[in-house]
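I have placed the structure first, in the form of structure tokens, so that the comments after it can refer back to it.
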Amino acid sequence: MTTLNDVRSRNTAPERRPRTWSRDTAETKTLRVLRWVVIAVLLLVTVFPFYYMVTLSVRDIGSLIADPARVWPNLSEISFDTYSNVLASVADGGQGFAGFILTSGLVALGTVVLTLLIAVPGAYAVSRLQFFGRRQISALFLAVYLFPSILLAVPLFVFFTRLGLRGAVGVLLVVYVSQTIAVSIFMLRNYFQTIPESLEEAAALDGLGRFGIMWRISLPLAGPAIMSNALFVFMIAWNEFLFALLFLVEERDNWTVSLGLAQLSGSLEVPTTILMAGSVILTLPIILLFFGSERLLAEGLTAGSEK
């Protein structure tokens with residue numbers, strides 16, 4: 001039964017309308033739009049330069065000079081002769097990049113192997129063993145990496161010149177390992193600290209020694225971190241230019257691919273299409289390695305964030 005008060009309250013209470021725009025809804029819709037805007041900007045900034053570099057490398061040089069700003073190449077003018085010229089040896093009229101790639105690959109892989117052979121046990125020791133000055137040594141590893149390369153370039157150049165080793169590829173291995181080993185130990189130490197010590201203590205109770213624990217327990221768990229560190233070291237050694245210029249510039253047969261590309265860019269006789277083809281060859285291995293190890297790289301970079 002409807003009372004008089006019910007009728008009055010029904011007539012005086014303001015009518016409530018459903019809220020269509022709350023703060024959470026506005027933020028969600030805004031972020032949804034911004035996500036695609038950010039993705040589009042990142043793609044434009046990162047992919048477009050590489051795409052334009054590839055198009056320049058396959059276009060005819062006459063067409064490129066006549067219309068350098070054209071983004072889409074005509075199918076009729078696409079040619080891969082520039083890549084053949086870049087990879088061919090100097091004796092065959094090319095630029096000799098096949099030899100440069102081989103040298104860079106050997107130097108980069110050698111740097112990765114030597115760095116990990118030293119950095120992995122070093123990082124494990126700093127992470128697990130107790131010794132005097134442990135914290136200071138850990139900070140020193142990072143401080144050494146922060147030294148500018150130019151500070152090391154002059155004394156190393158004088159040192160290896162007096163030893164008569166300038167022009168030898170092995171010199172680059174020594175220099176690159178000395179550059180990367182400090183930061184590798186610092187990074188891997190953080191990853192080893194995320195591994196629970198209780199696992200190693202349980203393995204010790206089962207009779208494993210220190211090396212057995214490290215080989216069977218710690219290294220498999222730190223696998224993603226070691227792989228990401230190896231990729232990081234490989235990219236440094238593959239792209240490095242300063243020390244390659246200092247020690248190998250007089251020995252063309254021992255040039256790395258970054259040094260060879262720099263010499264191409266400084267020559268007025270080399271067409272832009274060949275220079276772009278060399279740039280693609282320098283960049284392509286890093287891109288393939290990144291996409292091939294993307295999952296391991298992501299796991300390794302975030303492994304120490306949940307300690």
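How things are named: the first chain in the structure tokens is A, the next is B, and so on; residues count from 1 in each chain; ligands count from 1 in the order shown.
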Open item on the list: Which residues are close to region 46-61 of chain A, i.e. within 7 Å by only C-alpha atoms, leaving aside same-chain residues fewer than 5 positions away? Reply as a ChimeraX atom specification.
Closed with: /A:71,73,77-80,82,273-274,276-277,280
Would you write out those residues with N, CA and C atoms, as a PDB file, in the first residue's frame?
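As written to disk, out.pdb reads:
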ATOM      1  N   VAL A  71      59.957   6.913 -51.632  1.00  0.00           N
ATOM      2  CA  VAL A  71      59.989   5.867 -50.602  1.00  0.00           C
ATOM      3  C   VAL A  71      59.757   4.489 -51.197  1.00  0.00           C
ATOM      4  N   PRO A  73      60.157   1.927 -54.133  1.00  0.00           N
ATOM      5  CA  PRO A  73      60.905   1.705 -55.383  1.00  0.00           C
ATOM      6  C   PRO A  73      60.038   0.990 -56.418  1.00  0.00           C
ATOM      7  N   GLU A  77      63.115  -1.555 -61.221  1.00  0.00           N
ATOM      8  CA  GLU A  77      64.463  -1.055 -60.958  1.00  0.00           C
ATOM      9  C   GLU A  77      65.138  -1.782 -59.796  1.00  0.00           C
ATOM     10  N   ILE A  78      64.429  -2.727 -59.152  1.00  0.00           N
ATOM     11  CA  ILE A  78      65.028  -3.443 -58.022  1.00  0.00           C
ATOM     12  C   ILE A  78      66.105  -4.390 -58.507  1.00  0.00           C
ATOM     13  N   SER A  79      67.274  -4.297 -57.910  1.00  0.00           N
ATOM     14  CA  SER A  79      68.405  -5.152 -58.276  1.00  0.00           C
ATOM     15  C   SER A  79      69.235  -5.433 -57.026  1.00  0.00           C
ATOM     16  N   PHE A  80      69.743  -6.666 -56.945  1.00  0.00           N
ATOM     17  CA  PHE A  80      70.580  -7.049 -55.807  1.00  0.00           C
ATOM     18  C   PHE A  80      72.050  -7.115 -56.193  1.00  0.00           C
ATOM     19  N   THR A  82      74.149  -4.774 -55.999  1.00  0.00           N
ATOM     20  CA  THR A  82      74.970  -4.055 -55.023  1.00  0.00           C
ATOM     21  C   THR A  82      75.479  -4.994 -53.926  1.00  0.00           C
ATOM     22  N   THR A 273      74.206   3.461 -53.066  1.00  0.00           N
ATOM     23  CA  THR A 273      73.531   2.161 -53.026  1.00  0.00           C
ATOM     24  C   THR A 273      74.435   1.086 -52.421  1.00  0.00           C
ATOM     25  N   ILE A 274      75.717   1.120 -52.765  1.00  0.00           N
ATOM     26  CA  ILE A 274      76.650   0.139 -52.192  1.00  0.00           C
ATOM     27  C   ILE A 274      76.865   0.410 -50.707  1.00  0.00           C
ATOM     28  N   MET A 276      74.660   1.670 -48.684  1.00  0.00           N
ATOM     29  CA  MET A 276      73.459   1.187 -47.999  1.00  0.00           C
ATOM     30  C   MET A 276      73.436  -0.332 -47.921  1.00  0.00           C
ATOM     31  N   ALA A 277      73.906  -0.999 -48.961  1.00  0.00           N
ATOM     32  CA  ALA A 277      73.979  -2.463 -48.915  1.00  0.00           C
ATOM     33  C   ALA A 277      74.933  -2.922 -47.817  1.00  0.00           C
ATOM     34  N   VAL A 280      73.141  -2.558 -44.494  1.00  0.00           N
ATOM     35  CA  VAL A 280      72.193  -3.645 -44.258  1.00  0.00           C
ATOM     36  C   VAL A 280      72.920  -4.905 -43.797  1.00  0.00           C
TER      37      VAL A 280
END
Task: Selection near region 142-155 of chain A, 10 Å with only C-alpha atoms, sequence-local residues under 2 positions removed, as a ChimeraX atom specification - done: /A:137-140,157-161,175,178-187,242-243,246-247
Task: Residue nearest Gly223 (chain A) among A:Leu165, A:Trp255, A:Tyr191, A:Ala125 (counting only C-alpha atoms) - done: A:Tyr191
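Here CA of Thr115 (chain A) is placed at a distance of 5.6 Å from CA of Val177 (chain A).
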Task: Nearest-residue call for Glu197 (chain A), choices A:Gln136, A:Leu231, A:Ser127, A:Ala237, using only C-alpha atoms - done: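 Using only C-alpha atoms, the shortest distance to Glu197 (chain A) belongs to A:Ser127.
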- [ ] Just the residues within 12 Å of Val113 (chain A), please, counting only C-alpha atoms, with nothing from its chain fewer than 4 positions along; format it as a ChimeraX atom specification.
- [x] /A:106-109,117-120,173,176-177,180-181,226-227,229-231,233-234,237
Using the selection just defined, write its residues with N, CA, C and O atoms as an mmCIF file, in the first residue's frame.
data_model
loop_
_atom_site.group_PDB
_atom_site.id
_atom_site.type_symbol
_atom_site.label_atom_id
_atom_site.label_comp_id
_atom_site.auth_asym_id
_atom_site.auth_seq_id
_atom_site.Cartn_x
_atom_site.Cartn_y
_atom_site.Cartn_z
ATOM 1 N N LEU A 106 84.309 -13.977 -36.136
ATOM 2 C CA LEU A 106 85.275 -14.682 -35.287
ATOM 3 C C LEU A 106 85.624 -13.857 -34.050
ATOM 4 O O LEU A 106 85.711 -14.391 -32.937
ATOM 5 N N VAL A 107 85.824 -12.559 -34.243
ATOM 6 C CA VAL A 107 86.170 -11.703 -33.099
ATOM 7 C C VAL A 107 85.010 -11.639 -32.104
ATOM 8 O O VAL A 107 85.212 -11.754 -30.884
ATOM 9 N N ALA A 108 83.770 -11.476 -32.613
ATOM 10 C CA ALA A 108 82.616 -11.360 -31.719
ATOM 11 C C ALA A 108 82.375 -12.671 -30.963
ATOM 12 O O ALA A 108 82.154 -12.656 -29.736
ATOM 13 N N LEU A 109 82.413 -13.804 -31.675
ATOM 14 C CA LEU A 109 82.193 -15.093 -31.000
ATOM 15 C C LEU A 109 83.323 -15.400 -30.018
ATOM 16 O O LEU A 109 83.078 -15.915 -28.917
ATOM 17 N N LEU A 117 83.660 -17.433 -20.143
ATOM 18 C CA LEU A 117 84.519 -18.359 -19.398
ATOM 19 C C LEU A 117 85.086 -17.708 -18.138
ATOM 20 O O LEU A 117 85.316 -18.384 -17.131
ATOM 21 N N ILE A 118 85.319 -16.407 -18.210
ATOM 22 C CA ILE A 118 85.867 -15.704 -17.040
ATOM 23 C C ILE A 118 84.749 -15.122 -16.173
ATOM 24 O O ILE A 118 84.810 -15.163 -14.937
ATOM 25 N N ALA A 119 83.723 -14.578 -16.815
ATOM 26 C CA ALA A 119 82.700 -13.839 -16.070
ATOM 27 C C ALA A 119 81.783 -14.751 -15.257
ATOM 28 O O ALA A 119 81.380 -14.386 -14.140
ATOM 29 N N VAL A 120 81.426 -15.919 -15.787
ATOM 30 C CA VAL A 120 80.483 -16.797 -15.077
ATOM 31 C C VAL A 120 81.051 -17.273 -13.736
ATOM 32 O O VAL A 120 80.411 -17.078 -12.685
ATOM 33 N N LEU A 173 90.573 -9.123 -29.541
ATOM 34 C CA LEU A 173 89.994 -10.037 -28.558
ATOM 35 C C LEU A 173 90.364 -9.608 -27.141
ATOM 36 O O LEU A 173 89.518 -9.556 -26.242
ATOM 37 N N TYR A 176 88.517 -6.261 -26.297
ATOM 38 C CA TYR A 176 87.074 -6.408 -26.115
ATOM 39 C C TYR A 176 86.743 -7.177 -24.837
ATOM 40 O O TYR A 176 85.790 -6.843 -24.123
ATOM 41 N N VAL A 177 87.530 -8.224 -24.552
ATOM 42 C CA VAL A 177 87.289 -8.983 -23.321
ATOM 43 C C VAL A 177 87.519 -8.099 -22.100
ATOM 44 O O VAL A 177 86.740 -8.120 -21.133
ATOM 45 N N THR A 180 84.388 -5.845 -21.728
ATOM 46 C CA THR A 180 83.078 -6.427 -21.440
ATOM 47 C C THR A 180 83.034 -7.276 -20.171
ATOM 48 O O THR A 180 81.959 -7.520 -19.639
ATOM 49 N N ILE A 181 84.192 -7.709 -19.709
ATOM 50 C CA ILE A 181 84.170 -8.669 -18.607
ATOM 51 C C ILE A 181 83.672 -8.042 -17.297
ATOM 52 O O ILE A 181 82.981 -8.692 -16.500
ATOM 53 N N ILE A 226 72.613 -15.831 -18.770
ATOM 54 C CA ILE A 226 73.882 -16.015 -19.471
ATOM 55 C C ILE A 226 73.702 -15.785 -20.965
ATOM 56 O O ILE A 226 74.542 -15.156 -21.628
ATOM 57 N N MET A 227 72.574 -16.246 -21.525
ATOM 58 C CA MET A 227 72.328 -16.033 -22.951
ATOM 59 C C MET A 227 72.136 -14.564 -23.283
ATOM 60 O O MET A 227 72.645 -14.068 -24.295
ATOM 61 N N ASN A 229 73.357 -12.096 -21.625
ATOM 62 C CA ASN A 229 74.662 -11.458 -21.477
ATOM 63 C C ASN A 229 75.549 -11.751 -22.684
ATOM 64 O O ASN A 229 76.302 -10.878 -23.153
ATOM 65 N N ALA A 230 75.469 -12.983 -23.203
ATOM 66 C CA ALA A 230 76.250 -13.337 -24.394
ATOM 67 C C ALA A 230 75.823 -12.489 -25.589
ATOM 68 O O ALA A 230 76.664 -12.015 -26.368
ATOM 69 N N LEU A 231 74.514 -12.275 -25.741
ATOM 70 C CA LEU A 231 74.025 -11.439 -26.838
ATOM 71 C C LEU A 231 74.494 -9.999 -26.676
ATOM 72 O O LEU A 231 74.877 -9.340 -27.651
ATOM 73 N N VAL A 233 77.248 -8.963 -25.155
ATOM 74 C CA VAL A 233 78.682 -8.911 -25.475
ATOM 75 C C VAL A 233 78.907 -9.021 -26.985
ATOM 76 O O VAL A 233 79.756 -8.323 -27.555
ATOM 77 N N PHE A 234 78.126 -9.886 -27.628
ATOM 78 C CA PHE A 234 78.272 -10.052 -29.083
ATOM 79 C C PHE A 234 77.978 -8.739 -29.814
ATOM 80 O O PHE A 234 78.694 -8.364 -30.751
ATOM 81 N N ALA A 237 80.948 -6.327 -29.417
ATOM 82 C CA ALA A 237 82.104 -6.695 -30.236
ATOM 83 C C ALA A 237 81.815 -6.548 -31.729
ATOM 84 O O ALA A 237 82.699 -6.190 -32.507
#
Task: Within 10 Å of Ser84 (chain A) using only C-alpha atoms, minus same-chain residues under 5 positions, as a PyMOL selection string - done: chain A and resi 89+94-98+274+277
File dump, residues just selected, all heavy atoms, as a PDB file, in the first residue's frame:
ATOM      1  N   SER A  89      85.242 -10.133 -53.353  1.00  0.00           N
ATOM      2  CA  SER A  89      86.581  -9.738 -52.909  1.00  0.00           C
ATOM      3  C   SER A  89      87.101  -8.571 -53.745  1.00  0.00           C
ATOM      4  O   SER A  89      86.582  -8.285 -54.832  1.00  0.00           O
ATOM      5  CB  SER A  89      87.535 -10.927 -53.022  1.00  0.00           C
ATOM      6  OG  SER A  89      87.655 -11.319 -54.386  1.00  0.00           O
ATOM      7  N   GLY A  94      85.103  -6.184 -56.037  1.00  0.00           N
ATOM      8  CA  GLY A  94      84.123  -5.872 -54.992  1.00  0.00           C
ATOM      9  C   GLY A  94      84.747  -5.123 -53.833  1.00  0.00           C
ATOM     10  O   GLY A  94      85.862  -4.599 -53.926  1.00  0.00           O
ATOM     11  N   GLN A  95      84.009  -5.088 -52.745  1.00  0.00           N
ATOM     12  CA  GLN A  95      84.462  -4.361 -51.553  1.00  0.00           C
ATOM     13  C   GLN A  95      85.028  -5.279 -50.469  1.00  0.00           C
ATOM     14  O   GLN A  95      85.533  -4.792 -49.459  1.00  0.00           O
ATOM     15  CB  GLN A  95      83.276  -3.564 -50.969  1.00  0.00           C
ATOM     16  CG  GLN A  95      82.619  -2.605 -51.939  1.00  0.00           C
ATOM     17  CD  GLN A  95      83.574  -1.531 -52.435  1.00  0.00           C
ATOM     18  OE1 GLN A  95      84.498  -1.129 -51.719  1.00  0.00           O
ATOM     19  NE2 GLN A  95      83.370  -1.059 -53.667  1.00  0.00           N
ATOM     20  N   GLY A  96      84.914  -6.592 -50.643  1.00  0.00           N
ATOM     21  CA  GLY A  96      85.533  -7.527 -49.701  1.00  0.00           C
ATOM     22  C   GLY A  96      84.804  -7.684 -48.388  1.00  0.00           C
ATOM     23  O   GLY A  96      85.418  -8.041 -47.373  1.00  0.00           O
ATOM     24  N   PHE A  97      83.487  -7.456 -48.369  1.00  0.00           N
ATOM     25  CA  PHE A  97      82.757  -7.547 -47.107  1.00  0.00           C
ATOM     26  C   PHE A  97      82.605  -8.981 -46.598  1.00  0.00           C
ATOM     27  O   PHE A  97      82.371  -9.175 -45.402  1.00  0.00           O
ATOM     28  CB  PHE A  97      81.370  -6.898 -47.249  1.00  0.00           C
ATOM     29  CG  PHE A  97      81.349  -5.472 -46.771  1.00  0.00           C
ATOM     30  CD1 PHE A  97      82.197  -4.531 -47.325  1.00  0.00           C
ATOM     31  CD2 PHE A  97      80.502  -5.078 -45.760  1.00  0.00           C
ATOM     32  CE1 PHE A  97      82.192  -3.225 -46.887  1.00  0.00           C
ATOM     33  CE2 PHE A  97      80.493  -3.767 -45.300  1.00  0.00           C
ATOM     34  CZ  PHE A  97      81.331  -2.838 -45.866  1.00  0.00           C
ATOM     35  N   ALA A  98      82.720  -9.960 -47.467  1.00  0.00           N
ATOM     36  CA  ALA A  98      82.627 -11.349 -46.987  1.00  0.00           C
ATOM     37  C   ALA A  98      83.759 -11.638 -46.010  1.00  0.00           C
ATOM     38  O   ALA A  98      83.551 -12.268 -44.962  1.00  0.00           O
ATOM     39  CB  ALA A  98      82.668 -12.309 -48.175  1.00  0.00           C
ATOM     40  N   ILE A 274      75.717   1.120 -52.765  1.00  0.00           N
ATOM     41  CA  ILE A 274      76.650   0.139 -52.192  1.00  0.00           C
ATOM     42  C   ILE A 274      76.865   0.410 -50.707  1.00  0.00           C
ATOM     43  O   ILE A 274      76.963  -0.521 -49.899  1.00  0.00           O
ATOM     44  CB  ILE A 274      77.980   0.186 -52.972  1.00  0.00           C
ATOM     45  CG1 ILE A 274      77.762  -0.339 -54.389  1.00  0.00           C
ATOM     46  CG2 ILE A 274      79.061  -0.616 -52.265  1.00  0.00           C
ATOM     47  CD1 ILE A 274      78.994  -0.367 -55.236  1.00  0.00           C
ATOM     48  N   ALA A 277      73.906  -0.999 -48.961  1.00  0.00           N
ATOM     49  CA  ALA A 277      73.979  -2.463 -48.915  1.00  0.00           C
ATOM     50  C   ALA A 277      74.933  -2.922 -47.817  1.00  0.00           C
ATOM     51  O   ALA A 277      74.652  -3.887 -47.087  1.00  0.00           O
ATOM     52  CB  ALA A 277      74.424  -3.004 -50.273  1.00  0.00           C
TER      53      ALA A 277
END
